[in-house]
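Q: What follows is work-v9.pdb, PDB, C-alpha atoms, pLDDT in the B column.
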ATOM      1  CA  PRO A  13      74.421 -21.522  28.199  1.00 90.00           C
ATOM      2  CA  ARG A  14      72.936 -18.338  26.744  1.00 94.00           C
ATOM      3  CA  HIS A  15      71.279 -15.605  28.808  1.00 96.00           C
ATOM      4  CA  LEU A  16      68.087 -14.138  27.340  1.00 96.00           C
ATOM      5  CA  ASN A  17      66.099 -11.075  28.359  1.00 97.00           C
ATOM      6  CA  SER A  18      62.456 -10.642  27.440  1.00 97.00           C
ATOM      7  CA  VAL A  19      59.409  -8.618  28.455  1.00 97.00           C
ATOM      8  CA  GLU A  20      56.173 -10.617  28.409  1.00 97.00           C
ATOM      9  CA  ALA A  21      52.547  -9.754  29.136  1.00 96.00           C
ATOM     10  CA  SER A  22      52.029 -12.878  31.242  1.00 96.00           C
ATOM     11  CA  LEU A  23      53.941 -15.623  33.006  1.00 97.00           C
ATOM     12  CA  ARG A  24      52.059 -18.393  31.241  1.00 97.00           C
ATOM     13  CA  VAL A  25      54.292 -21.220  30.068  1.00 97.00           C
ATOM     14  CA  VAL A  26      53.232 -20.723  26.434  1.00 97.00           C
ATOM     15  CA  ALA A  27      54.335 -17.063  26.447  1.00 97.00           C
ATOM     16  CA  VAL A  28      57.618 -17.549  28.280  1.00 97.00           C
ATOM     17  CA  ALA A  29      58.657 -20.730  26.463  1.00 96.00           C
ATOM     18  CA  SER A  30      57.852 -19.347  23.012  1.00 96.00           C
ATOM     19  CA  ALA A  31      60.014 -16.280  23.724  1.00 95.00           C
ATOM     20  CA  GLY A  32      62.855 -18.362  25.144  1.00 95.00           C
ATOM     21  CA  MET A  33      62.817 -21.037  22.456  1.00 95.00           C
ATOM     22  CA  GLY A  34      62.263 -18.631  19.550  1.00 94.00           C
ATOM     23  CA  MET A  35      59.021 -19.998  18.121  1.00 95.00           C
ATOM     24  CA  SER A  36      55.417 -18.876  17.763  1.00 97.00           C
ATOM     25  CA  ARG A  37      52.892 -19.231  20.558  1.00 96.00           C
ATOM     26  CA  SER A  38      50.592 -21.336  18.404  1.00 97.00           C
ATOM     27  CA  ARG A  39      53.396 -23.828  17.656  1.00 97.00           C
ATOM     28  CA  MET A  40      54.342 -23.892  21.351  1.00 97.00           C
ATOM     29  CA  THR A  41      50.692 -24.556  22.281  1.00 97.00           C
ATOM     30  CA  GLU A  42      50.654 -27.549  19.910  1.00 97.00           C
ATOM     31  CA  LEU A  43      53.850 -28.932  21.465  1.00 97.00           C
ATOM     32  CA  ILE A  44      52.526 -28.459  25.004  1.00 97.00           C
ATOM     33  CA  ARG A  45      49.238 -30.206  24.232  1.00 97.00           C
ATOM     34  CA  SER A  46      51.086 -33.102  22.563  1.00 96.00           C
ATOM     35  CA  GLY A  47      53.171 -33.684  25.716  1.00 96.00           C
ATOM     36  CA  ALA A  48      56.567 -32.586  24.331  1.00 96.00           C
ATOM     37  CA  VAL A  49      57.114 -29.949  27.059  1.00 97.00           C
ATOM     38  CA  ARG A  50      58.136 -30.582  30.659  1.00 97.00           C
ATOM     39  CA  VAL A  51      58.175 -28.102  33.538  1.00 98.00           C
ATOM     40  CA  ASN A  52      60.426 -29.154  36.399  1.00 97.00           C
ATOM     41  CA  TRP A  53      60.689 -32.646  34.864  1.00 96.00           C
ATOM     42  CA  GLN A  54      56.907 -33.206  34.756  1.00 97.00           C
ATOM     43  CA  VAL A  55      54.984 -33.371  31.485  1.00 97.00           C
ATOM     44  CA  ILE A  56      52.397 -30.611  31.193  1.00 96.00           C
ATOM     45  CA  THR A  57      49.457 -30.402  28.815  1.00 95.00           C
ATOM     46  CA  SER A  58      48.041 -27.014  29.801  1.00 96.00           C
ATOM     47  CA  PRO A  59      49.539 -23.932  28.101  1.00 96.00           C
ATOM     48  CA  SER A  60      48.030 -21.672  30.774  1.00 96.00           C
ATOM     49  CA  ARG A  61      50.226 -22.891  33.663  1.00 96.00           C
ATOM     50  CA  GLU A  62      52.065 -19.975  35.250  1.00 97.00           C
ATOM     51  CA  LEU A  63      55.801 -20.112  35.813  1.00 97.00           C
ATOM     52  CA  CYS A  64      57.839 -18.733  38.697  1.00 97.00           C
ATOM     53  CA  CYS A  65      61.493 -17.998  39.336  1.00 97.00           C
ATOM     54  CA  GLY A  66      63.625 -21.150  39.289  1.00 97.00           C
ATOM     55  CA  ASP A  67      61.324 -23.167  37.019  1.00 98.00           C
ATOM     56  CA  ARG A  68      62.894 -25.197  34.216  1.00 98.00           C
ATOM     57  CA  VAL A  69      61.073 -25.674  30.914  1.00 98.00           C
ATOM     58  CA  ARG A  70      62.345 -28.512  28.730  1.00 97.00           C
ATOM     59  CA  LEU A  71      61.299 -29.004  25.125  1.00 96.00           C
ATOM     60  CA  ASP A  72      62.117 -32.391  23.581  1.00 92.00           C
ATOM     61  CA  GLY A  73      64.865 -31.943  21.006  1.00 91.00           C
ATOM     62  CA  ARG A  74      65.237 -28.171  21.568  1.00 92.00           C
ATOM     63  CA  GLY A  75      66.912 -27.871  24.963  1.00 95.00           C
ATOM     64  CA  GLU A  76      66.091 -26.416  28.348  1.00 97.00           C
ATOM     65  CA  LEU A  77      65.130 -22.956  29.577  1.00 97.00           C
ATOM     66  CA  GLU A  78      65.604 -21.855  33.185  1.00 97.00           C
ATOM     67  CA  ILE A  79      63.849 -18.797  34.634  1.00 98.00           C
ATOM     68  CA  LEU A  80      66.502 -16.880  36.571  1.00 97.00           C
ATOM     69  CA  GLU A  81      64.716 -13.650  37.427  1.00 97.00           C
ATOM     70  CA  ILE A  82      61.228 -12.133  37.179  1.00 98.00           C
ATOM     71  CA  GLN A  83      60.543  -8.434  37.755  1.00 97.00           C
ATOM     72  CA  PRO A  84      57.345  -6.423  37.222  1.00 97.00           C
ATOM     73  CA  THR A  85      57.545  -3.435  34.882  1.00 97.00           C
ATOM     74  CA  LYS A  86      55.785  -0.088  35.150  1.00 97.00           C
ATOM     75  CA  ARG A  87      53.259  -1.122  32.492  1.00 96.00           C
ATOM     76  CA  ASP A  88      52.063  -4.287  34.253  1.00 95.00           C
ATOM     77  CA  ARG A  89      54.255  -6.637  32.259  1.00 98.00           C
ATOM     78  CA  TRP A  90      57.060  -8.983  33.337  1.00 98.00           C
ATOM     79  CA  ARG A  91      60.774  -8.572  32.661  1.00 98.00           C
ATOM     80  CA  LEU A  92      62.365 -12.022  32.507  1.00 98.00           C
ATOM     81  CA  VAL A  93      65.964 -13.150  32.620  1.00 98.00           C
ATOM     82  CA  MET A  94      66.311 -16.688  31.302  1.00 98.00           C
ATOM     83  CA  GLN A  95      69.126 -19.108  30.602  1.00 97.00           C
ATOM     84  CA  ARG A  96      68.893 -21.477  27.652  1.00 96.00           C
ATOM     85  CA  ARG A  97      70.937 -24.660  27.465  1.00 93.00           C
TER      86      ARG A  97
END
Could the structure of this file be written out as structure tokens, please?
A:
Amino acid sequence: PRHLNSVEASLRVVAVASAGMGMSRSRMTELIRSGAVRVNWQVITSPSRELCCGDRVRLDGRGELEILEIQPTKRDRWRLVMQRR
């Protein structure tokens, strides 16, 4: 497993998953709407769902991303520590 650090403007699944999986938000939105993304083992179709600490995001054929830590920054953003498998 690889640990990743990122600062994101929101905790929406499209923002966090695109940063963790290394792809664009528009491509991630397409994958979410097509049903290729699961959050905590349930298929989601809404890219606006917010994530919290402990959530697992799984992308078919690309692996799994676990949110280990979420901290607010001084500029109203979110510092994330993630683990990708």
Q: Would you write out, as a list in words, every residue that the PyMOL selection byres ((chain A and resi 81) around 9) captures in this file?
A: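 Given this file, the PyMOL selection byres ((chain A and resi 81) around 9) evaluates to Cys64, Cys65, Gly66, Ile79, Leu80, Ile82, Gln83, Arg91, Leu92, Val93 and Met94 of chain A.
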Q: Work out how far apart atom CA of A:Arg96 and atom CA of A:Val26 are and give it in Å to one decimal.
A: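 Between these atoms lies a distance of 15.7 Å.
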Q: Can you turn the PyMOL selection byres ((chain A and resi 25) around 8) into a concrete residue list for this file, as a ChimeraX atom specification?
A: /A:23-24,26-29,59-63
Q: Which residues, protein or nucleic acid, reach to within 12 Å of (65.0, -29.1, 18.7) in the file's coordinates when using only C-alpha atoms, and can you give that as a PyMOL selection string?
A: chain A and resi 33-35+43+48-49+70-76+97
Q: Go through the shown structure with the PyMOL selection byres ((chain A and resi 21) around 6) and write out the matching residues as a ChimeraX atom specification.
A: /A:20,22,89
Q: Take every atom of stretch 18-36 of chain A listed in the file, pad by 5 Å on each side, and give me the axis-aligned box centre and edge lengths in Å, one decimal, as AutoDock Vina command-line options.
A:
--center_x 57.4 --center_y -14.9 --center_z 25.4 --size_x 20.8 --size_y 22.6 --size_z 25.2
Q: Output requested as a PDB file, keeping the file's coordinate frame - stretch 53-65 of chain A, filled out with N, CA and C atoms.
A:
ATOM      1  N   TRP A  53      60.640 -31.207  35.152  1.00 96.00           N
ATOM      2  CA  TRP A  53      60.689 -32.646  34.864  1.00 96.00           C
ATOM      3  C   TRP A  53      59.336 -33.342  34.857  1.00 96.00           C
ATOM      4  N   GLN A  54      58.233 -32.595  34.847  1.00 97.00           N
ATOM      5  CA  GLN A  54      56.907 -33.206  34.756  1.00 97.00           C
ATOM      6  C   GLN A  54      56.234 -32.747  33.463  1.00 97.00           C
ATOM      7  N   VAL A  55      55.675 -33.697  32.734  1.00 97.00           N
ATOM      8  CA  VAL A  55      54.984 -33.371  31.485  1.00 97.00           C
ATOM      9  C   VAL A  55      53.763 -32.520  31.802  1.00 97.00           C
ATOM     10  N   ILE A  56      53.590 -31.445  31.035  1.00 96.00           N
ATOM     11  CA  ILE A  56      52.397 -30.611  31.193  1.00 96.00           C
ATOM     12  C   ILE A  56      51.610 -30.639  29.897  1.00 96.00           C
ATOM     13  N   THR A  57      50.308 -30.447  30.004  1.00 95.00           N
ATOM     14  CA  THR A  57      49.457 -30.402  28.815  1.00 95.00           C
ATOM     15  C   THR A  57      48.596 -29.145  28.790  1.00 95.00           C
ATOM     16  N   SER A  58      48.814 -28.253  29.742  1.00 96.00           N
ATOM     17  CA  SER A  58      48.041 -27.014  29.801  1.00 96.00           C
ATOM     18  C   SER A  58      48.945 -25.820  29.514  1.00 96.00           C
ATOM     19  N   PRO A  59      48.701 -25.086  28.422  1.00 96.00           N
ATOM     20  CA  PRO A  59      49.539 -23.932  28.101  1.00 96.00           C
ATOM     21  C   PRO A  59      49.327 -22.745  29.035  1.00 96.00           C
ATOM     22  N   SER A  60      48.327 -22.803  29.899  1.00 96.00           N
ATOM     23  CA  SER A  60      48.030 -21.672  30.774  1.00 96.00           C
ATOM     24  C   SER A  60      48.730 -21.750  32.127  1.00 96.00           C
ATOM     25  N   ARG A  61      49.524 -22.780  32.377  1.00 96.00           N
ATOM     26  CA  ARG A  61      50.226 -22.891  33.663  1.00 96.00           C
ATOM     27  C   ARG A  61      51.186 -21.727  33.819  1.00 96.00           C
ATOM     28  N   GLU A  62      51.178 -21.109  34.993  1.00 97.00           N
ATOM     29  CA  GLU A  62      52.065 -19.975  35.250  1.00 97.00           C
ATOM     30  C   GLU A  62      53.397 -20.451  35.798  1.00 97.00           C
ATOM     31  N   LEU A  63      54.456 -19.768  35.379  1.00 97.00           N
ATOM     32  CA  LEU A  63      55.801 -20.112  35.813  1.00 97.00           C
ATOM     33  C   LEU A  63      56.259 -19.156  36.907  1.00 97.00           C
ATOM     34  N   CYS A  64      57.244 -19.599  37.675  1.00 97.00           N
ATOM     35  CA  CYS A  64      57.839 -18.733  38.697  1.00 97.00           C
ATOM     36  C   CYS A  64      59.353 -18.855  38.593  1.00 97.00           C
ATOM     37  N   CYS A  65      60.038 -18.035  39.360  1.00 97.00           N
ATOM     38  CA  CYS A  65      61.493 -17.998  39.336  1.00 97.00           C
ATOM     39  C   CYS A  65      62.055 -19.367  39.748  1.00 97.00           C
TER      40      CYS A  65
END
